[in-house]
Amino acid sequence: MNKTIRRASVFALLLVFALLLRATWVQFYEGRALADDTKNRRNAIETYAEPLGNIIVGGKAITGSAVTTGGDLRYKRTYTDGELYAAVTGYASQSYAPTQLEGIYADLLNGTDTRLKTALDTVTDKRADPGNVITTIDPDVQKAAYDALGDKKGAAVAVDPTTGQILAVVSTPSYDPSTLTDANTAGTAWKKLNADSDKPLTNRALRQPLAPGSTFKLVVAAAALEDGLYASVDEKTESEDPYTLPGTRTVLKNENTSAPCENATIRVALQYSCNNVFAHMAVQLGQDKLRATAEKFGFNDDSQDVPVRAYPSVYPSGMDESSTALTGIGQFDVTATPLQMAMVSAALANGGKLVSPHMVSQITDGGGDVLEDYDDEASTTQIVSSSTAEQLQSAMQTVVEKGTGTNALIDGVTVGGKTGTAQNGENNSKAPYAWFTSYGKSDSSGKQVAVAVVVEQSDAARSEVSGNGLAAPVAKAMMQAALRS
């Protein structure tokens, strides 16, 4: 064989080898990436070839599947009371990536979760029957929160302090997930929802931290008692009124100028929401001690899964004393979600123990067999001592019985709470946020619930915006629904 032919043969063999190598690379290495690519139409066709599994609330499915007409996607997702449960379910769309529980449990709900496969399914490579997600949501508490918020922009969360089960997650204004499920109509709905200045797609209950205002005073009080700065909620504090922020000429005033806030006890300071007491207390403790207590309650946790990933609530660092003072009243750069403030009340109501909050009780296969039980997996952490918790429970009861939270009073229920009105915008130029966090315990059954509510915006005049006026009635409705025999 002459040299030219031999060289051509070797070159041809190298080309064949390169082709085989590339084919192998694509098939075995890039194959999964190509299969998982969101632009791969076959994924959507496979997902919607059969009905999806369901999300369950109160023993009933709040989701379903319906046969489509035309196109290559046989089924689409449907929702019962979609706006009521949107902050729980999220959406499963033929056009957009799923969110909330629909996204977290997408593999379970579409039957591709490997835990669903039987031995025969593995051999035949048959798609398994889809599983179901059983939530901890109480439909009565959910509806009570949604109806009470009404046309206000805000959010609410309810938690069982003893189990960590989340009983309600509501965000308003809401949206109907059904508008996003069909590929033929989803685009128009998507544009409209994203153009809405009220941001209905935002889960305000879990994923929009705001300044918590005076509700954060509970954390400051807990830190002071735990540190031994004050031995009791009925010991007088060192608190001049009015209080000048350290290193400045800025005088921090109290909303109620006639309130007995000078050297007030923690109980009285919570009752009248005395800014001077808690601002000075924050400086006395120092930012490091205060941050440590806040973090025990869940602040600065960037991996808080319920199982939806909640945005972290923040207690800042690197502050001077004047800024530290402002954090004592839940301002400066302190932020919190309603979930976080519900966790604060839940821990105090439960003797200082925080049970990890979760809104999924179990996931099951198509036959109802439990694949994972999240109630059994809930962890319990001692956040503050039982003595501190009991004292703050008592002080919170004073707030509701004869302080700033009287709109949360319920016959036959021991209620403790804390109001908050947080500044919003530069120089408080926008409507303040109205907060209320509380716990309720039935006098007859001993059953408990902890809630947190924030109202960002309402039709109320600015002078009428308060935690007691706007948020406490929502919390009351939720507690009544949760504790109803």
# chains A, B, ... in the order shown; residues from 1 in each chain; ligands from 1
>>> residues_around(residues="region 364-376 of chain A", least_positions_apart="4", cutoff="6 Å", atoms="only C-alpha atoms", output="list in words")
Leu116, Asp129, Pro130, Gly131 and Asn132 of chain A
>>> select_by_dssp(residues="region 260-394 of chain A", states="strand (DSSP E or B)", output="list in words")
Thr265, Asp305, Arg309, Val314, Thr335, Ala336, Lys353, Leu354, Val355, His358, Val360, Ser361, Gln362, Ile363, Thr364, Val370, Leu371, Glu372, Asp373, Thr380, Thr381 and Gln382 of chain A
>>> select_by_dssp(residues="region 185-234 of chain A", states="alpha helix (DSSP H)", output="PyMOL selection string")
chain A and resi 186-195+204-207+217-227
>>> residues_around(residues="Ala482 (chain A)", least_positions_apart="2", cutoff="7 Å", atoms="only C-alpha atoms", output="JSON, numbers by chain")
{"A": [141, 449, 478, 479, 480, 484]}
>>> closest_residue(among="A:Leu348, A:Val465, A:Val251, A:Leu326", to="Gln287 (chain A)", atoms="only C-alpha atoms")
A:Leu326
>>> residues_around(residues="Leu210 (chain A)", least_positions_apart="6", cutoff="12 Å", atoms="only C-alpha atoms", output="ChimeraX atom specification")
/A:154-155,204,216,311-315,330-341,420-425,432-435,453-456
>>> closest_residue(among="A:Arg249, A:Lys476, A:Lys192, A:Lys402", to="Phe436 (chain A)", atoms="only C-alpha atoms")
A:Lys476
>>> closest_atom_pairs(of="region 123-234 of chain A", to="region 295-304 of chain A", cutoff="12 Å", atoms="only C-alpha atoms", output="tab-separated table")
residue	atom	partner	partner_atom	distance
A:Leu206	CA	A:Gln304	CA	9.8
A:Arg207	CA	A:Gln304	CA	10.8
A:Pro209	CA	A:Phe299	CA	10.7
A:Pro212	CA	A:Phe299	CA	11.9
A:Phe216	CA	A:Phe297	CA	11.1
A:Leu218	CA	A:Phe297	CA	10.8
A:Val219	CA	A:Phe297	CA	8.1
A:Val220	CA	A:Phe297	CA	11.4
A:Ala222	CA	A:Phe297	CA	10.2
A:Ala223	CA	A:Lys296	CA	10.3
A:Glu226	CA	A:Lys296	CA	11.9
>>> closest_atom_pairs(of="region 203-316 of chain A", to="region 166-185 of chain A", cutoff="12 Å", atoms="only C-alpha atoms", output="tab-separated table")
residue	atom	partner	partner_atom	distance
A:Asn203	CA	A:Ser171	CA	5.8
A:Arg204	CA	A:Ser171	CA	5.4
A:Ala205	CA	A:Ser171	CA	5.8
A:Leu206	CA	A:Val169	CA	8.1
A:Arg207	CA	A:Ser171	CA	10.1
A:Gln208	CA	A:Ser171	CA	10.1
A:Val306	CA	A:Ile166	CA	8.6
A:Pro307	CA	A:Ile166	CA	10.8
A:Val308	CA	A:Val169	CA	11.3
A:Ala310	CA	A:Val169	CA	11.9
>>> residues_around(residues="Ala349 (chain A)", least_positions_apart="2", cutoff="10 Å", atoms="only C-alpha atoms", output="list in words")
Asp160, Pro161, Thr162, Met343, Val344, Ser345, Ala346, Ala347, Gly351, Gly352, Lys353, Leu354, Ser386, Ala389, Glu390, Leu392, Gln393, Gly416, Ser438, Tyr439, Gly440, Lys441, Gln448, Val449 and Ala450 of chain A
>>> closest_residue(among="A:Gln382, A:Asn254, A:Thr265, A:Thr327", to="Leu285 (chain A)", atoms="only C-alpha atoms")
A:Thr327
>>> residues_around(residues="Tyr105 (chain A)", least_positions_apart="5", cutoff="12 Å", atoms="only C-alpha atoms", output="count of residues only")
26
>>> closest_residue(among="A:Ile266, A:Pro246, A:Ser95, A:Ala87", to="Ala156 (chain A)", atoms="only C-alpha atoms")
A:Ala87
